[in-house]
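What follows is a set of notes on a single structure, which appears directly below.
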2 protein chains.
Amino acid sequence: MSERNSFRAIRDEMARRIAERLWLPGALIPGEEVLAREFGAARATVNRALQELARAGLVERRRRAGTRVALHPVREARFVIPLVRQEIEGRGAVYRYRLLSREESPPPEIVHARLGLDKNLPFLHVRCLHLADRTPYQFEDRWISLDAVPAVRDVDFSAISPNEWLVQHAPFSEAEFTFFAAAANPEEARLLQLSDGAPIFVGERITWLREKPITLVRMAHPSSHRMVMRL
Amino acid sequence: MSERNSFRAIRDEMARRIAERLWLPGALIPGEEVLAREFGAARATVNRALQELARAGLVERRRRAGTRVALHPVREARFVIPLVRQEIEGRGAVYRYRLLSREESPPPEIVHARLGLDKNLPFLHVRCLHLADRTPYQFEDRWISLDAVPAVRDVDFSAISPNEWLVQHAPFSEAEFTFFAAAANPEEARLLQLSDGAPIFVGERITWLREKPITLVRMAHPSSHRMVMRL
DNA sequence: GAGTGGTCTAGACCACTCA
DNA sequence: GAGTGGTCTAGACCACTCC
């Protein structure tokens, strides 16, 4: 592993040259063929290394134009989409779950607009609370499309959370996440045991399966919540 | 493109089989050799398709054990680390920048602890404001290690923001991001034109170059701020 | 020990884009 | 048209892990 000619070694060596300014930002670096000769590797191996650097945002590649060191390393971080339960248990706390309400209901205008729907489709509205060691951790307010996930009609969600059930029964192909800060409304404050207007951390998620909206969920956390990711 | 035997087509077809439960969660799927025959492709091509599915969290692969459909699709989203300026200009607003203070100073206990430093190193403390169309967008409060980035002593940051300068002059190898909601303290409220105690969205970022801390920054946004990522 | 995925090679052809 | 990256192939060997 990490031999002189492994794609990892080649990738890391090239990353080093970029970090240490041997290859300057904006500069054209040698072509794959040349690098392959230099590193004593096949072109495919160099290609793999370069593709990883491109994915990491360190270089920009274009056919015919060649590979350049990125001017503004538009790097990206990855973050794992957790199950609330795993998130809580991962912190060594006991996970508890409480269903607050579950009813079929037409979604309010704002939800409708958020999902980009033109016609009125039947939805299931589920509200529940996730606790860590008896402390409120997340208030989940969710709309599930009965059109996209009809099976959900037969699930009562008293034992399993919608989060968990959907992960196992309703695959998605696309998702959009939005995070922001807000002031707790009276209900959120009560459920999360905060004072009125206290800052909360909100995550909103919409998922689709092939253009069809599956679910929209709003997850509210007390301001002690930390969302962490590493690069 | 997307021919029958391209790695994309193979990847998408396998993703479809997983989404439609033709391959059940936890089930072992055929080996690369078998799949290669089925798709009329080389094993390397199937391998690339499977590696992408594994990276997306749809399958889990282990040597000798084979490839299984993930039980809990631990999927991950990617988000790009933006330059504030690009973020603002990307919204069609005019970017403005104001330096508030710049001074060498030993970091407070809390910063010190956050960086995991044992000895007292010299730091540069920079505070500045980023505006979108004259509206406060982000208050940046940053500590830069003079030990790791000595060149920063000669930069006065009145014309270029530390964010932008560092991206171009101080590469990093590791980064940690933390996001949370908080209540604006009096200074933050004044600078962001909010009322005292209003909810703000805070991003904290620490970057390292080979174990050595480069900078710690706290970025505060008004609660109208949205952080969005797509999968 | 044997079976699976992980990686590498050498060669080939294609796709895109610049001149 | 020509040069660069993008992808595929066929074959090979290796590394890990389960039996």
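Chains: A, B, ... in order of the structure tokens. Residues: from 1 per chain. Ligands: from 1, in order shown.
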All strand (DSSP E or B) residues (DSSP, backbone) inside region 114-191 of chain A, as number ranges by chain
A: 123-132, 135-145, 174-183
Wanna dump the chain A-chain B contacts at 6 Å for me, each residue with its shortest atom pair and the distance in Å to one decimal, counting only C-alpha atoms, ordered by chain and number, as a tab-separated table?
residue	atom	partner	partner_atom	distance
A:Ala19	CA	B:Pro171	CA	5.6
A:Arg75	CA	B:Ile81	CA	5.6
A:Glu76	CA	B:Val80	CA	4.1
A:Ala77	CA	B:Phe79	CA	5.5
A:Arg78	CA	B:Arg78	CA	4.3
A:Phe79	CA	B:Glu76	CA	5.4
A:Val80	CA	B:Glu76	CA	4.1
A:Ile81	CA	B:Glu76	CA	5.3
A:Pro171	CA	B:Ala19	CA	5.6
A:Glu174	CA	B:Leu231	CA	5.7
A:Ala175	CA	B:Leu231	CA	5.1
A:Glu176	CA	B:Arg230	CA	4.4
A:Phe177	CA	B:Met229	CA	5.2
A:Thr178	CA	B:Val228	CA	4.4
A:Phe179	CA	B:Met227	CA	5.0
A:Phe180	CA	B:Arg226	CA	5.2
A:Ala181	CA	B:Ser223	CA	5.0
A:Ala182	CA	B:Pro199	CA	5.8
A:Ala183	CA	B:Pro199	CA	6.0
A:Pro199	CA	B:Pro199	CA	4.8
A:Ile200	CA	B:Ala181	CA	5.8
A:Phe201	CA	B:Ala181	CA	5.0
A:Ser223	CA	B:Ala181	CA	5.0
A:Arg226	CA	B:Phe180	CA	5.2
A:Met227	CA	B:Phe179	CA	5.0
A:Val228	CA	B:Thr178	CA	4.4
A:Met229	CA	B:Phe177	CA	5.2
A:Arg230	CA	B:Glu176	CA	4.4
A:Leu231	CA	B:Ala175	CA	5.1
Write to file, as a PDB file, in the first residue's frame, the residues of the selection just made, with C-alpha atoms.
ATOM      1  CA  ALA A  19       0.015  22.765  -1.260  1.00  0.00           C
ATOM      2  CA  ARG A  75     -13.362  22.427  -1.765  1.00  0.00           C
ATOM      3  CA  GLU A  76     -16.281  20.487  -0.562  1.00  0.00           C
ATOM      4  CA  ALA A  77     -16.990  18.706   2.654  1.00  0.00           C
ATOM      5  CA  ARG A  78     -19.107  15.647   3.048  1.00  0.00           C
ATOM      6  CA  PHE A  79     -21.463  15.095   5.868  1.00  0.00           C
ATOM      7  CA  VAL A  80     -23.302  11.953   6.706  1.00  0.00           C
ATOM      8  CA  ILE A  81     -27.049  12.017   6.879  1.00  0.00           C
ATOM      9  CA  PRO A 171     -35.768   5.070  -1.028  1.00  0.00           C
ATOM     10  CA  GLU A 174     -32.619  13.241  -4.665  1.00  0.00           C
ATOM     11  CA  ALA A 175     -32.551  15.272  -1.515  1.00  0.00           C
ATOM     12  CA  GLU A 176     -32.230  18.897  -0.560  1.00  0.00           C
ATOM     13  CA  PHE A 177     -31.095  20.064   2.864  1.00  0.00           C
ATOM     14  CA  THR A 178     -31.541  23.503   4.304  1.00  0.00           C
ATOM     15  CA  PHE A 179     -30.191  24.649   7.643  1.00  0.00           C
ATOM     16  CA  PHE A 180     -30.894  27.854   9.452  1.00  0.00           C
ATOM     17  CA  ALA A 181     -31.431  29.487  12.816  1.00  0.00           C
ATOM     18  CA  ALA A 182     -34.848  30.603  14.011  1.00  0.00           C
ATOM     19  CA  ALA A 183     -36.659  31.719  17.110  1.00  0.00           C
ATOM     20  CA  PRO A 199     -32.794  30.366  19.268  1.00  0.00           C
ATOM     21  CA  ILE A 200     -33.231  26.959  17.677  1.00  0.00           C
ATOM     22  CA  PHE A 201     -31.288  25.155  14.992  1.00  0.00           C
ATOM     23  CA  SER A 223     -29.371  25.854  20.373  1.00  0.00           C
ATOM     24  CA  ARG A 226     -23.902  21.126  17.112  1.00  0.00           C
ATOM     25  CA  MET A 227     -23.685  19.935  13.544  1.00  0.00           C
ATOM     26  CA  VAL A 228     -20.131  18.888  12.852  1.00  0.00           C
ATOM     27  CA  MET A 229     -18.364  17.749   9.741  1.00  0.00           C
ATOM     28  CA  ARG A 230     -14.773  17.126   8.880  1.00  0.00           C
ATOM     29  CA  LEU A 231     -12.899  17.295   5.638  1.00  0.00           C
TER      30      LEU A 231
END
Can you work out which residues from chain A touch chain D at a cut-off of 7 Å (counting only C-alpha atoms (C1' of nucleotides)) and hand them back as an NGL selection string?
:A and (62-66)
Can I get the selected residues back with N, CA, C and O atoms, as an mmCIF file, in the first residue's frame?
data_model
loop_
_atom_site.group_PDB
_atom_site.id
_atom_site.type_symbol
_atom_site.label_atom_id
_atom_site.label_comp_id
_atom_site.auth_asym_id
_atom_site.auth_seq_id
_atom_site.Cartn_x
_atom_site.Cartn_y
_atom_site.Cartn_z
ATOM 1 N N ARG A 62 -10.113 19.971 -18.081
ATOM 2 C CA ARG A 62 -10.949 20.082 -19.273
ATOM 3 C C ARG A 62 -10.249 19.399 -20.418
ATOM 4 O O ARG A 62 -9.028 19.519 -20.579
ATOM 5 N N ARG A 63 -11.043 18.708 -21.209
ATOM 6 C CA ARG A 63 -10.447 18.056 -22.369
ATOM 7 C C ARG A 63 -9.780 19.106 -23.231
ATOM 8 O O ARG A 63 -10.248 20.238 -23.330
ATOM 9 N N ARG A 64 -8.776 18.658 -23.850
ATOM 10 C CA ARG A 64 -8.016 19.491 -24.769
ATOM 11 C C ARG A 64 -7.258 20.611 -24.038
ATOM 12 O O ARG A 64 -6.132 20.928 -24.379
ATOM 13 N N ALA A 65 -7.907 21.210 -23.020
ATOM 14 C CA ALA A 65 -7.283 22.336 -22.329
ATOM 15 C C ALA A 65 -6.266 21.855 -21.296
ATOM 16 O O ALA A 65 -5.334 22.560 -20.947
ATOM 17 N N GLY A 66 -6.456 20.648 -20.786
ATOM 18 C CA GLY A 66 -5.521 20.133 -19.799
ATOM 19 C C GLY A 66 -5.999 20.331 -18.368
ATOM 20 O O GLY A 66 -7.148 20.695 -18.120
#
Which residues are near Arg37 (chain B)? Cut-off 12 Å, only C-alpha atoms (C1' of nucleotides), ignore same chain within fewer than 6 positions. Put them as a ChimeraX atom specification.
/B:5,10,30-31,43-46
Writer output for current selection, N, CA and C atoms, as a PDB file, in the first residue's frame:
ATOM      1  N   ASN B   5     -23.195  -0.327 -21.713  1.00  0.00           N
ATOM      2  CA  ASN B   5     -22.079  -0.858 -20.937  1.00  0.00           C
ATOM      3  C   ASN B   5     -21.200   0.215 -20.286  1.00  0.00           C
ATOM      4  N   ILE B  10     -24.455   1.166 -15.808  1.00  0.00           N
ATOM      5  CA  ILE B  10     -24.428   0.009 -14.919  1.00  0.00           C
ATOM      6  C   ILE B  10     -24.736   0.431 -13.489  1.00  0.00           C
ATOM      7  N   PRO B  30     -24.666 -10.255  -6.665  1.00  0.00           N
ATOM      8  CA  PRO B  30     -23.687 -11.079  -7.383  1.00  0.00           C
ATOM      9  C   PRO B  30     -22.292 -10.461  -7.377  1.00  0.00           C
ATOM     10  N   GLY B  31     -21.291 -11.280  -7.568  1.00  0.00           N
ATOM     11  CA  GLY B  31     -19.909 -10.815  -7.590  1.00  0.00           C
ATOM     12  C   GLY B  31     -19.612 -10.021  -8.849  1.00  0.00           C
ATOM     13  N   ARG B  43     -14.698  -6.357 -15.900  1.00  0.00           N
ATOM     14  CA  ARG B  43     -14.887  -6.330 -14.452  1.00  0.00           C
ATOM     15  C   ARG B  43     -14.517  -4.954 -13.900  1.00  0.00           C
ATOM     16  N   ALA B  44     -13.510  -4.322 -14.458  1.00  0.00           N
ATOM     17  CA  ALA B  44     -13.087  -3.005 -13.969  1.00  0.00           C
ATOM     18  C   ALA B  44     -14.230  -1.992 -14.065  1.00  0.00           C
ATOM     19  N   THR B  45     -15.029  -2.125 -15.093  1.00  0.00           N
ATOM     20  CA  THR B  45     -16.143  -1.195 -15.285  1.00  0.00           C
ATOM     21  C   THR B  45     -17.199  -1.404 -14.210  1.00  0.00           C
ATOM     22  N   VAL B  46     -17.532  -2.675 -13.979  1.00  0.00           N
ATOM     23  CA  VAL B  46     -18.482  -2.986 -12.913  1.00  0.00           C
ATOM     24  C   VAL B  46     -17.917  -2.529 -11.577  1.00  0.00           C
TER      25      VAL B  46
END
What are the residues of chain C lining chain A at 9 Å or less? Count only C-alpha atoms (C1' of nucleotides), and put the answer as number ranges by chain.
C: 7-10, 15-18
For the selection just defined, write its residues with N, CA, C and O atoms (P, O5', C5', C4', C3', O3' and C1' of nucleotides) to a file, as a PDB file, in the first residue's frame.
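New file part_23.pdb:
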ATOM      1  P    DT C   7      -8.469   0.458  -4.039  1.00  0.00           P
ATOM      2  O5'  DT C   7      -7.450  -0.013  -5.135  1.00  0.00           O
ATOM      3  C5'  DT C   7      -6.165  -0.460  -4.708  1.00  0.00           C
ATOM      4  C4'  DT C   7      -5.404  -0.954  -5.893  1.00  0.00           C
ATOM      5  C3'  DT C   7      -5.125   0.109  -6.962  1.00  0.00           C
ATOM      6  O3'  DT C   7      -3.764   0.431  -6.820  1.00  0.00           O
ATOM      7  C1'  DT C   7      -5.634  -2.037  -7.880  1.00  0.00           C
ATOM      8  P    DC C   8      -3.170   1.575  -7.695  1.00  0.00           P
ATOM      9  O5'  DC C   8      -2.556   0.802  -8.949  1.00  0.00           O
ATOM     10  C5'  DC C   8      -1.529  -0.139  -8.728  1.00  0.00           C
ATOM     11  C4'  DC C   8      -1.264  -0.872 -10.023  1.00  0.00           C
ATOM     12  C3'  DC C   8      -1.064   0.062 -11.222  1.00  0.00           C
ATOM     13  O3'  DC C   8       0.291  -0.009 -11.650  1.00  0.00           O
ATOM     14  C1'  DC C   8      -2.492  -1.811 -11.734  1.00  0.00           C
ATOM     15  P    DT C   9       0.753   0.874 -12.892  1.00  0.00           P
ATOM     16  O5'  DT C   9       0.516  -0.112 -14.118  1.00  0.00           O
ATOM     17  C5'  DT C   9       1.016  -1.441 -14.036  1.00  0.00           C
ATOM     18  C4'  DT C   9       0.788  -2.142 -15.360  1.00  0.00           C
ATOM     19  C3'  DT C   9       1.025  -1.248 -16.578  1.00  0.00           C
ATOM     20  O3'  DT C   9       1.804  -1.955 -17.515  1.00  0.00           O
ATOM     21  C1'  DT C   9      -1.134  -2.236 -16.681  1.00  0.00           C
ATOM     22  P    DA C  10       2.913  -1.199 -18.371  1.00  0.00           P
ATOM     23  O5'  DA C  10       2.391  -1.502 -19.840  1.00  0.00           O
ATOM     24  C5'  DA C  10       2.006  -2.818 -20.191  1.00  0.00           C
ATOM     25  C4'  DA C  10       1.025  -2.748 -21.338  1.00  0.00           C
ATOM     26  C3'  DA C  10       1.305  -1.601 -22.330  1.00  0.00           C
ATOM     27  O3'  DA C  10       1.441  -2.173 -23.619  1.00  0.00           O
ATOM     28  C1'  DA C  10      -0.987  -1.600 -21.653  1.00  0.00           C
ATOM     29  P    DA C  15     -17.819   9.236 -29.085  1.00  0.00           P
ATOM     30  O5'  DA C  15     -17.343  10.441 -28.160  1.00  0.00           O
ATOM     31  C5'  DA C  15     -17.448  10.307 -26.743  1.00  0.00           C
ATOM     32  C4'  DA C  15     -17.152  11.643 -26.106  1.00  0.00           C
ATOM     33  C3'  DA C  15     -17.794  12.827 -26.821  1.00  0.00           C
ATOM     34  O3'  DA C  15     -18.128  13.756 -25.813  1.00  0.00           O
ATOM     35  C1'  DA C  15     -15.447  13.061 -26.883  1.00  0.00           C
ATOM     36  P    DC C  16     -19.111  14.920 -26.108  1.00  0.00           P
ATOM     37  O5'  DC C  16     -18.265  16.219 -25.780  1.00  0.00           O
ATOM     38  C5'  DC C  16     -17.495  16.245 -24.588  1.00  0.00           C
ATOM     39  C4'  DC C  16     -16.242  17.045 -24.845  1.00  0.00           C
ATOM     40  C3'  DC C  16     -16.505  18.437 -25.407  1.00  0.00           C
ATOM     41  O3'  DC C  16     -16.211  19.328 -24.357  1.00  0.00           O
ATOM     42  C1'  DC C  16     -14.629  17.367 -26.404  1.00  0.00           C
ATOM     43  P    DT C  17     -16.692  20.822 -24.427  1.00  0.00           P
ATOM     44  O5'  DT C  17     -15.403  21.553 -25.007  1.00  0.00           O
ATOM     45  C5'  DT C  17     -14.191  21.455 -24.275  1.00  0.00           C
ATOM     46  C4'  DT C  17     -13.040  21.902 -25.155  1.00  0.00           C
ATOM     47  C3'  DT C  17     -13.260  23.253 -25.855  1.00  0.00           C
ATOM     48  O3'  DT C  17     -12.068  23.971 -25.693  1.00  0.00           O
ATOM     49  C1'  DT C  17     -12.536  21.664 -27.393  1.00  0.00           C
ATOM     50  P    DC C  18     -12.179  25.508 -25.279  1.00  0.00           P
ATOM     51  O5'  DC C  18     -10.807  26.072 -25.887  1.00  0.00           O
ATOM     52  C5'  DC C  18      -9.594  25.413 -25.541  1.00  0.00           C
ATOM     53  C4'  DC C  18      -8.760  25.226 -26.784  1.00  0.00           C
ATOM     54  C3'  DC C  18      -8.529  26.504 -27.596  1.00  0.00           C
ATOM     55  O3'  DC C  18      -7.149  26.785 -27.594  1.00  0.00           O
ATOM     56  C1'  DC C  18      -9.085  24.656 -29.001  1.00  0.00           C
TER      57       DC C  18
END
